[in-house]
$ cat data34.cif   # mmCIF, C-alpha atoms and all ligand atoms
data_input
#
loop_
_atom_site.label_atom_id
_atom_site.label_comp_id
_atom_site.auth_asym_id
_atom_site.auth_seq_id
_atom_site.Cartn_x
_atom_site.Cartn_y
_atom_site.Cartn_z
CA MET A 244 79.57 4.02 10.95
CA VAL A 245 81.40 0.70 11.02
CA ALA A 246 80.71 0.35 14.72
CA LEU A 247 77.05 1.04 14.12
CA LEU A 248 76.80 -1.56 11.41
CA PHE A 249 77.77 -4.34 13.75
CA GLU A 250 76.20 -3.17 16.98
CA GLY A 251 73.09 -5.29 16.41
CA MET A 252 69.88 -4.11 18.04
CA VAL A 253 66.29 -5.14 18.53
CA LEU A 254 64.70 -2.39 16.52
CA LYS A 255 61.10 -3.10 17.49
CA SER A 256 61.77 -2.31 21.13
CA LYS A 257 63.85 0.77 20.35
CA VAL A 258 61.74 2.62 17.83
CA ASP A 259 58.49 4.12 18.96
CA VAL A 260 55.75 3.88 16.29
CA ALA A 261 54.83 7.55 16.73
CA GLU A 262 58.47 8.54 16.29
CA ALA A 263 58.74 6.46 13.12
CA ALA A 264 55.43 7.84 11.85
CA SER A 265 56.75 11.38 12.22
CA ARG A 266 59.50 10.69 9.66
CA LYS A 267 58.71 10.94 5.97
CA LEU A 268 60.69 7.86 4.96
CA THR A 269 58.95 5.15 6.94
CA VAL A 270 57.54 1.82 5.87
CA GLY A 271 53.84 1.85 6.66
CA ARG A 272 53.42 5.64 6.64
CA PRO A 273 49.70 6.06 5.97
CA ASN A 274 48.34 7.51 2.74
CA VAL A 275 45.96 10.42 3.35
CA MET A 276 44.23 11.17 0.09
CA ASN A 277 41.34 13.66 -0.25
CA ARG A 278 41.47 15.28 3.19
CA GLN A 279 38.64 17.71 2.39
CA ARG A 280 36.30 14.95 1.28
CA PHE A 281 37.08 12.95 4.41
CA LEU A 282 36.41 15.94 6.67
CA GLU A 283 33.09 16.58 4.94
CA ARG A 284 32.16 13.00 5.68
CA VAL A 285 33.20 13.42 9.32
CA GLU A 286 30.88 16.43 9.54
CA GLN A 287 28.09 14.30 8.12
CA ILE A 288 28.73 11.62 10.73
CA LEU A 289 28.70 14.12 13.56
CA ASP A 290 25.47 15.66 12.30
CA SER A 291 23.72 12.37 11.62
CA LYS A 292 24.57 10.83 15.01
CA SER A 293 24.91 7.50 13.24
CA PHE A 294 28.35 6.47 14.50
CA THR A 295 28.50 2.73 14.12
CA ASN A 296 26.49 -0.55 13.80
CA ASP A 297 26.06 -0.89 10.05
CA GLY A 298 25.84 2.81 9.25
CA PRO A 299 25.50 4.46 5.83
CA PHE A 300 29.24 4.86 5.14
CA VAL A 301 29.88 1.22 5.99
CA ARG A 302 27.18 0.24 3.53
CA GLU A 303 28.48 2.60 0.88
CA LEU A 304 31.98 1.19 1.28
CA GLU A 305 30.68 -2.38 1.01
CA GLN A 306 28.63 -1.51 -2.07
CA SER A 307 31.55 0.27 -3.75
CA VAL A 308 33.80 -2.75 -3.20
CA CYS A 309 31.16 -5.16 -4.58
CA THR A 310 30.62 -3.00 -7.64
CA LEU A 311 34.25 -2.41 -8.51
CA PHE A 312 35.47 -5.93 -7.83
CA ALA A 313 32.35 -7.60 -9.27
CA VAL A 314 31.83 -9.68 -6.14
CA LYS A 315 28.42 -10.43 -4.62
CA HIS A 316 29.11 -9.68 -0.97
CA CYS A 317 31.40 -7.48 1.06
CA ILE A 318 31.30 -7.45 4.85
CA ALA A 319 33.28 -4.60 6.40
CA VAL A 320 34.91 -5.49 9.70
CA ALA A 321 37.02 -3.85 12.41
CA ASN A 322 40.28 -5.33 11.11
CA ALA A 323 41.53 -8.14 8.88
CA THR A 324 42.53 -10.35 11.82
CA LEU A 325 38.91 -10.47 13.01
CA GLY A 326 37.85 -10.81 9.37
CA LEU A 327 39.90 -13.99 9.09
CA GLU A 328 38.59 -15.30 12.42
CA ILE A 329 35.01 -14.66 11.45
CA THR A 330 35.40 -16.24 8.02
CA LEU A 331 37.02 -19.36 9.45
CA SER A 332 34.32 -19.62 12.14
CA ALA A 333 31.56 -19.08 9.60
CA LEU A 334 32.94 -21.96 7.53
CA ASN A 335 33.15 -24.16 10.67
CA VAL A 336 36.84 -24.73 10.08
CA THR A 337 38.30 -27.21 12.58
CA GLY A 338 41.28 -29.58 12.78
CA GLU A 339 44.32 -28.64 10.71
CA VAL A 340 44.68 -25.61 8.48
CA ILE A 341 47.54 -25.33 6.01
CA VAL A 342 49.13 -21.89 6.04
CA PRO A 343 52.45 -20.29 5.15
CA SER A 344 54.81 -19.35 7.96
CA PHE A 345 56.16 -16.45 5.90
CA THR A 346 53.40 -13.95 6.68
CA PHE A 347 52.28 -11.56 9.41
CA VAL A 348 51.52 -13.38 12.63
CA ALA A 349 47.82 -12.43 12.37
CA THR A 350 47.27 -15.14 9.76
CA ALA A 351 48.21 -17.90 12.21
CA HIS A 352 46.64 -16.19 15.22
CA ALA A 353 43.25 -16.17 13.51
CA ILE A 354 43.48 -19.93 12.96
CA ARG A 355 44.53 -20.62 16.54
CA ARG A 356 41.93 -18.32 17.99
CA ILE A 357 39.10 -20.29 16.41
CA GLY A 358 40.57 -23.47 17.92
CA ALA A 359 42.14 -24.95 14.79
CA GLU A 360 45.76 -25.92 14.31
CA PRO A 361 47.99 -24.09 11.82
CA VAL A 362 50.18 -26.45 9.79
CA PHE A 363 53.04 -24.38 8.45
CA CYS A 364 54.10 -24.97 4.91
CA ASP A 365 57.13 -23.66 3.06
CA ILE A 366 56.97 -21.03 0.32
CA SER A 367 58.02 -20.93 -3.31
CA LYS A 368 61.39 -19.31 -4.06
CA LEU A 369 59.78 -17.30 -6.82
CA SER A 370 56.54 -15.90 -5.42
CA TYR A 371 57.18 -16.21 -1.64
CA SER A 372 53.65 -17.62 -1.46
CA LEU A 373 52.72 -21.18 -0.49
CA ASP A 374 54.75 -23.81 -2.33
CA VAL A 375 51.88 -25.78 -3.82
CA SER A 376 53.78 -29.05 -4.03
CA MET A 377 54.33 -28.84 -0.26
CA VAL A 378 50.67 -28.07 0.34
CA GLU A 379 49.53 -31.36 -1.12
CA ALA A 380 52.10 -33.24 0.97
CA ALA A 381 50.87 -31.55 4.14
CA ILE A 382 47.23 -32.66 3.77
CA THR A 383 46.06 -35.21 6.36
CA GLU A 384 42.67 -36.60 7.39
CA ARG A 385 42.35 -33.70 9.81
CA THR A 386 42.92 -30.97 7.22
CA THR A 387 39.82 -28.87 6.60
CA ALA A 388 41.17 -25.70 5.04
CA ILE A 389 43.99 -23.82 3.37
CA VAL A 390 44.63 -20.20 4.24
CA ALA A 391 46.79 -18.86 1.42
CA VAL A 392 48.36 -15.41 1.63
CA ASN A 393 48.50 -12.98 -1.27
CA LEU A 394 51.70 -11.40 -0.11
CA TYR A 395 53.05 -7.89 -0.76
CA GLY A 396 50.42 -7.02 -3.39
CA GLY A 397 51.20 -10.19 -5.32
CA LEU A 398 49.08 -13.32 -5.59
CA ALA A 399 49.55 -16.94 -4.58
CA ASP A 400 49.43 -19.78 -7.13
CA LEU A 401 45.67 -19.33 -7.56
CA GLU A 402 44.91 -22.01 -10.14
CA ARG A 403 46.82 -24.82 -8.50
CA LEU A 404 45.49 -23.96 -5.06
CA ALA A 405 41.93 -24.05 -6.42
CA ASP A 406 42.61 -27.48 -7.94
CA ILE A 407 43.95 -28.85 -4.66
CA ALA A 408 41.08 -27.41 -2.63
CA ASN A 409 38.58 -28.99 -5.05
CA LYS A 410 40.36 -32.31 -5.16
CA TYR A 411 40.53 -32.70 -1.37
CA LYS A 412 37.28 -30.83 -0.61
CA LEU A 413 39.02 -28.21 1.50
CA HIS A 414 37.97 -24.68 2.23
CA LEU A 415 40.23 -22.14 0.59
CA ILE A 416 40.47 -18.74 2.22
CA TYR A 417 42.75 -15.99 0.98
CA ASP A 418 44.46 -13.64 3.39
CA SER A 419 44.51 -10.73 0.93
CA ALA A 420 45.51 -8.17 3.56
CA HIS A 421 48.12 -6.80 1.12
CA SER A 422 46.38 -7.23 -2.19
CA LEU A 423 43.42 -4.89 -2.40
CA GLY A 424 43.50 -3.45 -5.93
CA THR A 425 45.67 -6.22 -7.37
CA LYS A 426 44.53 -7.78 -10.66
CA TRP A 427 44.86 -11.33 -11.96
CA LYS A 428 44.77 -11.74 -15.74
CA GLY A 429 43.26 -8.27 -16.00
CA ASN A 430 40.51 -8.76 -13.39
CA TRP A 431 40.32 -7.42 -9.86
CA THR A 432 40.48 -10.05 -7.16
CA GLY A 433 37.76 -10.24 -4.52
CA SER A 434 36.19 -13.49 -5.69
CA LEU A 435 39.04 -15.87 -4.91
CA GLY A 436 38.40 -19.09 -2.99
CA ASP A 437 35.55 -19.29 -0.49
CA ALA A 438 36.41 -15.78 0.62
CA GLU A 439 39.11 -13.15 0.64
CA VAL A 440 40.00 -10.94 3.58
CA PHE A 441 41.55 -7.51 3.00
CA SER A 442 43.09 -5.14 5.53
CA LEU A 443 42.34 -1.43 5.84
CA HIS A 444 44.90 -0.87 8.58
CA GLY A 445 46.62 2.54 8.69
CA THR A 446 49.78 1.06 7.18
CA LYS A 447 47.92 -0.41 4.25
CA PHE A 448 47.58 0.85 0.73
CA ILE A 449 43.93 1.87 1.22
CA ASN A 450 43.41 2.66 4.88
CA GLY A 451 40.49 3.37 7.15
CA PHE A 452 42.82 3.97 10.14
CA GLU A 453 41.82 0.39 11.07
CA GLY A 454 39.48 -1.94 9.25
CA GLY A 455 39.04 -4.99 7.09
CA LEU A 456 36.83 -6.40 4.35
CA ILE A 457 35.55 -9.92 3.76
CA THR A 458 34.48 -10.57 0.17
CA THR A 459 32.69 -13.66 -1.09
CA ASN A 460 30.22 -14.90 -3.69
CA ASN A 461 28.76 -17.40 -1.24
CA ASP A 462 25.36 -16.13 0.05
CA GLU A 463 25.27 -18.36 3.14
CA LEU A 464 28.83 -17.53 4.11
CA ALA A 465 28.18 -13.79 3.74
CA LYS A 466 25.08 -14.04 5.92
CA ARG A 467 26.95 -15.91 8.61
CA CYS A 468 29.92 -13.49 8.57
CA ALA A 469 27.56 -10.54 8.94
CA LEU A 470 25.87 -12.24 11.90
CA LEU A 471 29.14 -13.14 13.62
CA ARG A 472 30.36 -9.56 13.16
CA ASN A 473 27.47 -8.28 15.28
CA PHE A 474 27.20 -10.71 18.23
CA CYS A 475 24.93 -13.01 16.16
CA PHE A 476 21.92 -10.82 16.81
CA THR A 477 19.06 -12.06 14.64
CA GLY A 478 16.58 -9.57 16.10
CA TYR A 479 16.38 -7.09 18.97
CA ASP A 480 15.82 -9.84 21.50
CA GLN A 481 17.38 -12.80 19.73
CA VAL A 482 20.89 -14.17 19.55
CA SER A 483 21.45 -17.27 17.44
CA ASP A 484 25.05 -18.18 18.22
CA ILE A 485 28.32 -17.05 19.81
CA GLY A 486 29.29 -13.97 17.85
CA THR A 487 31.68 -11.12 18.46
CA ASN A 488 31.98 -7.39 17.95
CA ALA A 489 33.89 -6.87 14.70
CA LYS A 490 31.92 -3.91 13.41
CA LEU A 491 33.54 -1.07 11.49
CA SER A 492 32.69 2.42 12.74
CA GLU A 493 31.48 5.19 10.46
CA ILE A 494 34.69 7.23 10.87
CA HIS A 495 36.75 4.25 9.73
CA ALA A 496 34.42 3.60 6.81
CA ALA A 497 34.51 7.28 5.79
CA MET A 498 38.32 7.23 5.69
CA ALA A 499 38.43 3.92 3.82
CA LEU A 500 35.83 5.08 1.30
CA THR A 501 37.68 8.35 0.67
CA ASN A 502 40.95 6.52 0.06
CA PHE A 503 39.23 3.81 -1.98
CA GLU A 504 37.97 6.52 -4.35
CA CYS A 505 41.64 7.41 -5.00
CA MET A 506 42.83 3.84 -5.58
CA ASP A 507 44.03 4.35 -9.17
CA GLU A 508 46.10 7.36 -8.12
CA ILE A 509 47.70 5.44 -5.23
CA ILE A 510 48.57 2.47 -7.45
CA ALA A 511 50.08 4.73 -10.11
CA LYS A 512 52.30 6.46 -7.55
CA ASN A 513 53.39 3.17 -5.97
CA LYS A 514 54.28 1.86 -9.40
CA THR A 515 56.43 4.91 -10.09
CA ASN A 516 58.17 4.52 -6.71
CA TYR A 517 58.85 0.89 -7.57
CA SER A 518 60.41 1.85 -10.90
CA TRP A 519 62.72 4.33 -9.12
CA TYR A 520 63.90 1.62 -6.73
CA LYS A 521 64.47 -0.63 -9.72
CA ARG A 522 66.65 2.04 -11.29
CA TYR A 523 68.75 3.00 -8.25
CA LEU A 524 69.08 -0.13 -6.07
CA PRO A 525 72.62 -1.48 -5.75
CA ASP A 526 73.29 -4.61 -7.79
CA GLN A 527 73.48 -6.86 -4.72
CA ALA A 528 69.87 -6.02 -3.81
CA LYS A 529 67.16 -8.02 -5.58
CA LEU A 530 63.79 -6.30 -5.96
CA LEU A 531 60.75 -8.60 -5.72
CA SER A 532 59.01 -8.83 -9.09
CA PHE A 533 55.64 -10.26 -10.02
CA ASP A 534 54.42 -12.86 -12.48
CA GLU A 535 53.27 -11.24 -15.74
CA LYS A 536 49.66 -12.31 -15.10
CA ILE A 537 49.60 -10.21 -11.93
CA GLU A 538 49.02 -6.45 -11.93
CA SER A 539 50.18 -5.63 -8.44
CA ASN A 540 49.10 -2.65 -6.35
CA TYR A 541 52.81 -2.30 -5.48
CA GLN A 542 51.98 -1.55 -1.87
CA TYR A 543 55.27 -2.93 -0.60
CA VAL A 544 58.77 -2.44 -1.99
CA VAL A 545 60.42 -5.74 -1.08
CA VAL A 546 64.14 -6.30 -1.41
CA ILE A 547 66.17 -9.47 -0.84
CA LEU A 548 69.77 -8.95 0.27
CA PRO A 549 72.66 -11.40 -0.15
CA ASP A 550 72.63 -12.45 3.52
CA ALA A 551 71.30 -11.60 6.99
CA ALA A 552 74.38 -9.58 7.92
CA SER A 553 74.07 -7.19 4.97
CA ARG A 554 70.31 -6.93 5.52
CA ASP A 555 70.79 -6.01 9.20
CA ALA A 556 73.63 -3.61 8.41
CA ILE A 557 71.46 -1.79 5.87
CA GLN A 558 68.52 -1.57 8.25
CA GLU A 559 70.68 -0.14 10.96
CA HIS A 560 72.49 2.34 8.75
CA LEU A 561 69.20 3.60 7.36
CA LEU A 562 67.73 3.85 10.85
CA HIS A 563 70.61 6.08 11.90
CA ASN A 564 69.69 8.28 8.96
CA ASP A 565 66.04 8.44 10.06
CA ILE A 566 64.82 6.00 7.43
CA PHE A 567 62.62 3.25 8.78
CA VAL A 568 62.74 0.02 6.83
CA ARG A 569 61.19 -3.21 8.16
CA LYS A 570 61.97 -6.92 8.08
CA TYR A 571 58.56 -8.10 6.90
CA PHE A 572 58.41 -10.99 7.70
CA TYR A 573 61.15 -12.03 10.08
CA PRO A 574 61.20 -14.52 11.64
CA GLY A 575 58.84 -17.05 10.09
CA ILE A 576 55.85 -17.64 12.37
CA HIS A 577 56.99 -21.20 13.09
CA GLN A 578 59.97 -19.69 14.89
CA PHE A 579 57.93 -17.63 17.36
CA GLU A 580 57.86 -19.25 20.78
CA CYS A 581 54.10 -19.74 20.83
CA TYR A 582 54.17 -21.62 17.48
CA ARG A 583 57.48 -23.46 17.70
CA GLN A 584 57.34 -27.17 16.89
CA GLU A 585 60.17 -29.56 17.59
CA GLY A 586 62.08 -30.35 14.40
CA LEU A 587 60.08 -28.16 12.01
CA VAL A 588 62.41 -26.63 9.43
CA LEU A 589 61.17 -24.54 6.49
CA PRO A 590 64.32 -23.83 4.48
CA VAL A 591 62.97 -21.32 1.96
CA THR A 592 60.99 -19.40 4.57
CA GLU A 593 63.99 -19.24 6.88
CA ASP A 594 66.33 -18.16 4.10
CA ILE A 595 64.05 -15.41 2.74
CA ALA A 596 63.05 -14.20 6.23
CA ALA A 597 66.73 -13.73 7.06
CA ARG A 598 67.38 -11.58 3.97
CA VAL A 599 64.19 -9.61 3.38
CA LEU A 600 63.72 -5.89 3.88
CA CYS A 601 60.76 -3.65 2.99
CA PHE A 602 61.35 -0.07 1.91
CA PRO A 603 59.32 3.13 2.21
CA THR A 604 56.80 3.85 -0.53
CA GLY A 605 53.49 5.75 -0.75
CA GLN A 606 52.30 9.16 -1.78
CA GLU A 607 54.98 11.41 -0.35
CA ILE A 608 58.16 9.82 -1.67
CA THR A 609 60.22 11.53 -4.34
CA GLU A 610 62.82 10.24 -6.77
CA GLU A 611 65.47 12.08 -4.71
CA ASP A 612 64.36 10.17 -1.61
CA VAL A 613 64.74 6.84 -3.38
CA LYS A 614 68.16 7.83 -4.72
CA HIS A 615 69.22 8.86 -1.20
CA ILE A 616 68.04 5.53 0.29
CA CYS A 617 69.90 3.59 -2.39
CA VAL A 618 73.12 5.56 -1.84
CA LEU A 619 72.94 4.76 1.88
CA MET A 620 72.40 1.09 1.06
CA THR A 621 75.47 1.10 -1.13
CA GLN A 622 77.48 2.70 1.68
CA ALA A 623 76.38 0.01 4.13
CA LEU A 624 77.23 -2.78 1.70
CA GLU A 625 80.57 -1.19 0.91
CA SER A 626 81.46 -0.89 4.62
CA MET A 627 80.68 -4.56 5.08
CA ARG A 628 82.89 -5.49 2.17
CA LEU A 629 85.77 -3.48 3.64
CA ILE A 630 85.38 -5.10 7.05
CA GLN A 631 85.19 -8.58 5.56
CA SER A 632 88.34 -8.02 3.52
CA VAL A 633 90.38 -6.95 6.61
N1 LIG B 1 47.57 -10.70 7.18
C1 LIG B 1 48.70 -10.10 6.74
C2 LIG B 1 49.50 -10.76 5.68
C3 LIG B 1 49.08 -8.87 7.28
O1 LIG B 1 50.23 -8.27 6.86
C4 LIG B 1 48.28 -8.27 8.28
C5 LIG B 1 48.66 -7.01 8.86
C6 LIG B 1 47.11 -8.94 8.68
C7 LIG B 1 46.78 -10.15 8.11
C8 LIG B 1 46.20 -8.36 9.71
O2 LIG B 1 45.62 -7.15 9.28
P1 LIG B 1 44.95 -6.15 10.39
O3 LIG B 1 44.26 -6.99 11.43
O4 LIG B 1 46.07 -5.32 10.97
O5 LIG B 1 43.97 -5.34 9.58
C9 LIG B 1 51.81 -3.58 10.81
C10 LIG B 1 50.31 -3.46 10.77
O6 LIG B 1 49.80 -3.14 12.07
C11 LIG B 1 49.63 -4.70 10.27
O7 LIG B 1 48.31 -4.33 9.92
C12 LIG B 1 50.32 -5.23 9.04
N2 LIG B 1 49.77 -6.47 8.58
C13 LIG B 1 51.79 -5.42 9.30
C14 LIG B 1 52.52 -5.90 8.08
O8 LIG B 1 52.34 -4.16 9.66
P2 LIG B 1 53.49 -3.78 12.81
O9 LIG B 1 53.42 -4.48 14.12
O10 LIG B 1 54.71 -3.91 12.00
O11 LIG B 1 53.08 -2.25 12.96
P3 LIG B 1 53.88 -1.03 13.58
O12 LIG B 1 53.02 -0.47 14.63
O13 LIG B 1 55.26 -1.42 13.96
O14 LIG B 1 53.89 0.00 12.35
C15 LIG B 1 54.69 -0.23 11.23
C16 LIG B 1 55.28 1.07 10.74
O15 LIG B 1 54.25 1.83 10.13
C17 LIG B 1 55.87 1.94 11.82
O16 LIG B 1 57.26 1.81 11.87
C18 LIG B 1 55.51 3.34 11.44
C19 LIG B 1 54.39 3.21 10.44
N3 LIG B 1 53.12 3.70 10.97
C20 LIG B 1 52.33 2.84 11.68
C21 LIG B 1 51.14 3.29 12.18
C22 LIG B 1 50.25 2.37 12.96
C23 LIG B 1 52.77 5.01 10.75
O17 LIG B 1 53.53 5.77 10.12
N4 LIG B 1 51.58 5.45 11.23
C24 LIG B 1 50.75 4.64 11.94
O18 LIG B 1 49.65 5.08 12.36
O19 LIG B 1 52.22 -4.28 11.95
#

$ encode --input "data34.cif" --output "structure tokens" --more "lines below"
Ligand code: T4K
Amino acid sequence: MVALLFEGMVLKSKVDVAEAASRKLTVGRPNVMNRQRFLERVEQILDSKSFTNDGPFVRELEQSVCTLFAVKHCIAVANATLGLEITLSALNVTGEVIVPSFTFVATAHAIRRIGAEPVFCDISKLSYSLDVSMVEAAITERTTAIVAVNLYGGLADLERLADIANKYKLHLIYDSAHSLGTKWKGNWTGSLGDAEVFSLHGTKFINGFEGGLITTNNDELAKRCALLRNFCFTGYDQVSDIGTNAKLSEIHAAMALTNFECMDEIIAKNKTNYSWYKRYLPDQAKLLSFDEKIESNYQYVVVILPDAASRDAIQEHLLHNDIFVRKYFYPGIHQFECYRQEGLVLPVTEDIAARVLCFPTGQEITEEDVKHICVLMTQALESMRLIQSV
């Protein structure tokens, strides 16, 4: 085992997604809720021959989201990455956009792909979301927007970000890919900033295999997002602008709708899983907690280890026991070759990225599984301690 702990390997290139998916204890293993209900909907789709292009299940999903989250508009899209791109385009975002580096690369890609420039900002040590004091310092004459990320089912510093956006007249868009079903002061989100973008990817809490949702209370913005989603067709023979194809198919909407109907059940189970991790994690592992005003959906179990070596040793030891944990999000985006900028150092991002590890959760996990994972973690940490003391 000791040899394994220090071998060091690039896990992404070694572990096939299908292989990981076949194991029960895998980060990102999809939730499949009411299978029967989903299959009935598939039958309906096959019979109706309405497969895509704003079909009835897409509309029902959009309506359900608007009703539950008390938001005026929901535009279902093919994935959250395109949802972000469309929203930024619809708001005519240009120039510089302030964004955290500690997020999935999609957040920055969306900004780049619409021709704007991501300006990476450090995160707070407490929430791992944008450090608001740094945001203000990063604003220049070219800044037009902030894309804040509601990470891991938590929420960014909503009130202070709203103040800054108002003060400097900036667009404020929330990448809420992780936070569908999260509440702030007792209310569902969905109405934050100019718009929020949620992900329905297979690895997400509520999944539609693939998919995304844009929510907003802004009528004009909603109209423009819906146009951009469908090539900017304004009539059979009319195109008003350069749009794209970001439509959600009926199969995806049927899956998302079926899972969405089970949201309370999924949250309750995630919360229980979280409490088990809290009980059994070794003392050296710090479990991410949330501000008391936030009711998280607990879609990620996020642990911070003492250092990169112990984090990597744990990941490897678990992998050799068929347990797939992930370093979300390592490295910070500013350290990827395509985003690297001379001299840019983000100390908190770099520190947390080096020590973070996300653990399996979801519908199928038992208390015994969590205990087993935590025992293996302790073994890995203990082996490291023995090696270091030699
Ligand atoms: N913003 C943020 C903050 C995000 O985290 C994301 C996506 C986005 C925006 C963009 O949302 P989308 O455009 O995707 O809607 C995965 C997901 O693909 C990605 O959606 C997600 N964040 C990210 C955090 O995780 P990878 O590259 O790590 O995925 P992959 O293929 O390595 O899968 C992760 C693990 O999940 C695998 O080890 C096994 C398991 N898995 C995966 C799939 C696809 C399964 O068990 N079954 C499956 O079908 O990005």

$ atom_distance --input "data34.cif" --atom1 "CA of Leu471 (chain A)" --atom2 "CA of Cys317 (chain A)"
14.0 Å

$ residues_near_ligand --input "data34.cif" --ligand "ligand LIG 1 (chain B)" --cutoff "7 Å" --atoms "all atoms listed in the file" --output "number ranges by chain"
A: 260-261, 263-265, 269-273, 322-325, 346-347, 349-350, 392, 394, 418-421, 442-447, 453-455, 567, 571

$ residues_near_point --input "data34.cif" --point "(72.5, -3.2, 4.2)" --cutoff "10 Å" --atoms "only C-alpha atoms" --output "list in words"
Leu248, Gln527, Ala528, Leu548, Pro549, Asp550, Ala551, Ala552, Ser553, Arg554, Asp555, Ala556, Ile557, Gln558, Glu559, His560, Leu561, Arg598, Leu600, Cys617, Leu619, Met620, Thr621, Gln622, Ala623, Leu624, Glu625, Ser626 and Met627 of chain A

$ residues_around --input "data34.cif" --residues "His352 (chain A)" --least-positions-apart "4" --cutoff "9 Å" --atoms "only C-alpha atoms" --output "JSON, numbers by chain"
{"A": [324, 328, 348, 356, 357, 361]}

$ atom_distance --input "data34.cif" --atom1 "CA of Asp507 (chain A)" --atom2 "CA of Gly436 (chain A)"
24.9 Å

$ residues_around --input "data34.cif" --residues "Glu379 (chain A)" --least-positions-apart "6" --cutoff "10 Å" --atoms "all atoms listed in the file" --output "PyMOL selection string"
chain A and resi 341+364+404+407-408+411

$ atom_distance --input "data34.cif" --atom1 "CA of Thr604 (chain A)" --atom2 "CA of Val568 (chain A)"
10.2 Å

$ residues_around --input "data34.cif" --residues "Asp437 (chain A)" --least-positions-apart "3" --cutoff "7 Å" --atoms "only C-alpha atoms" --output "number ranges by chain"
A: 414-416, 459

$ residues_around --input "data34.cif" --residues "region 511-523 of chain A" --least-positions-apart "2" --cutoff "10 Å" --atoms "only C-alpha atoms" --output "VMD selection string"
chain A and resid 448 506 to 509 525 to 526 528 to 532 539 to 546 602 to 618 621

$ residues_around --input "data34.cif" --residues "Val378 (chain A)" --least-positions-apart "3" --cutoff "10 Å" --atoms "all atoms listed in the file" --output "ChimeraX atom specification"
/A:341-343,362-366,373-375,381-382,389,404,407

$ closest_residue --input "data34.cif" --among "A:Ile537, A:Cys505, A:Ala321, A:Leu401" --to "Trp427 (chain A)" --atoms "only C-alpha atoms"
A:Ile537

$ closest_residue --input "data34.cif" --among "A:Gly478, A:Gly358, A:Gly338, A:Pro574" --to "Leu413 (chain A)" --atoms "all atoms listed in the file"
A:Gly338

$ closest_residue --input "data34.cif" --among "A:Phe572, A:Phe300, A:Phe441, A:Phe474" --to "His495 (chain A)" --atoms "all atoms listed in the file"
A:Phe300

$ closest_residue --input "data34.cif" --among "A:Ser492, A:Thr592, A:Thr432, A:Ser344" --to "Asn296 (chain A)" --atoms "all atoms listed in the file"
A:Ser492

$ closest_residue --input "data34.cif" --among "A:Asp594, A:Glu493, A:Glu384, A:Asp565" --to "Val320 (chain A)" --atoms "only C-alpha atoms"
A:Glu493

$ decode --input "data34.cif" --residues "region 459-490 of chain A" --atoms "C-alpha atoms" --output "PDB file, in the first residue's frame"
ATOM      1  CA  THR A 459     -34.611  35.181 -14.825  1.00  0.00           C
ATOM      2  CA  ASN A 460     -37.237  37.769 -13.942  1.00  0.00           C
ATOM      3  CA  ASN A 461     -36.155  39.983 -16.836  1.00  0.00           C
ATOM      4  CA  ASP A 462     -38.702  39.715 -19.710  1.00  0.00           C
ATOM      5  CA  GLU A 463     -36.370  41.056 -22.411  1.00  0.00           C
ATOM      6  CA  LEU A 464     -33.507  38.833 -21.340  1.00  0.00           C
ATOM      7  CA  ALA A 465     -35.747  35.754 -21.310  1.00  0.00           C
ATOM      8  CA  LYS A 466     -37.007  36.550 -24.802  1.00  0.00           C
ATOM      9  CA  ARG A 467     -33.498  36.971 -26.126  1.00  0.00           C
ATOM     10  CA  CYS A 468     -32.231  33.755 -24.486  1.00  0.00           C
ATOM     11  CA  ALA A 469     -35.115  31.804 -26.003  1.00  0.00           C
ATOM     12  CA  LEU A 470     -34.308  33.253 -29.438  1.00  0.00           C
ATOM     13  CA  LEU A 471     -30.583  32.527 -29.176  1.00  0.00           C
ATOM     14  CA  ARG A 472     -31.357  28.959 -28.095  1.00  0.00           C
ATOM     15  CA  ASN A 473     -33.115  28.311 -31.399  1.00  0.00           C
ATOM     16  CA  PHE A 474     -30.904  29.925 -34.084  1.00  0.00           C
ATOM     17  CA  CYS A 475     -32.684  33.290 -33.557  1.00  0.00           C
ATOM     18  CA  PHE A 476     -35.622  32.202 -35.671  1.00  0.00           C
ATOM     19  CA  THR A 477     -38.351  34.823 -35.360  1.00  0.00           C
ATOM     20  CA  GLY A 478     -40.610  33.088 -37.875  1.00  0.00           C
ATOM     21  CA  TYR A 479     -40.438  30.233 -40.382  1.00  0.00           C
ATOM     22  CA  ASP A 480     -38.520  32.344 -42.864  1.00  0.00           C
ATOM     23  CA  GLN A 481     -36.916  34.896 -40.583  1.00  0.00           C
ATOM     24  CA  VAL A 482     -33.708  34.964 -38.586  1.00  0.00           C
ATOM     25  CA  SER A 483     -32.985  38.074 -36.541  1.00  0.00           C
ATOM     26  CA  ASP A 484     -29.440  37.466 -35.317  1.00  0.00           C
ATOM     27  CA  ILE A 485     -26.632  34.934 -34.925  1.00  0.00           C
ATOM     28  CA  GLY A 486     -28.100  32.250 -32.702  1.00  0.00           C
ATOM     29  CA  THR A 487     -27.156  28.693 -31.915  1.00  0.00           C
ATOM     30  CA  ASN A 488     -28.725  25.316 -31.266  1.00  0.00           C
ATOM     31  CA  ALA A 489     -29.013  24.930 -27.500  1.00  0.00           C
ATOM     32  CA  LYS A 490     -32.392  23.227 -27.404  1.00  0.00           C
TER      33      LYS A 490
END
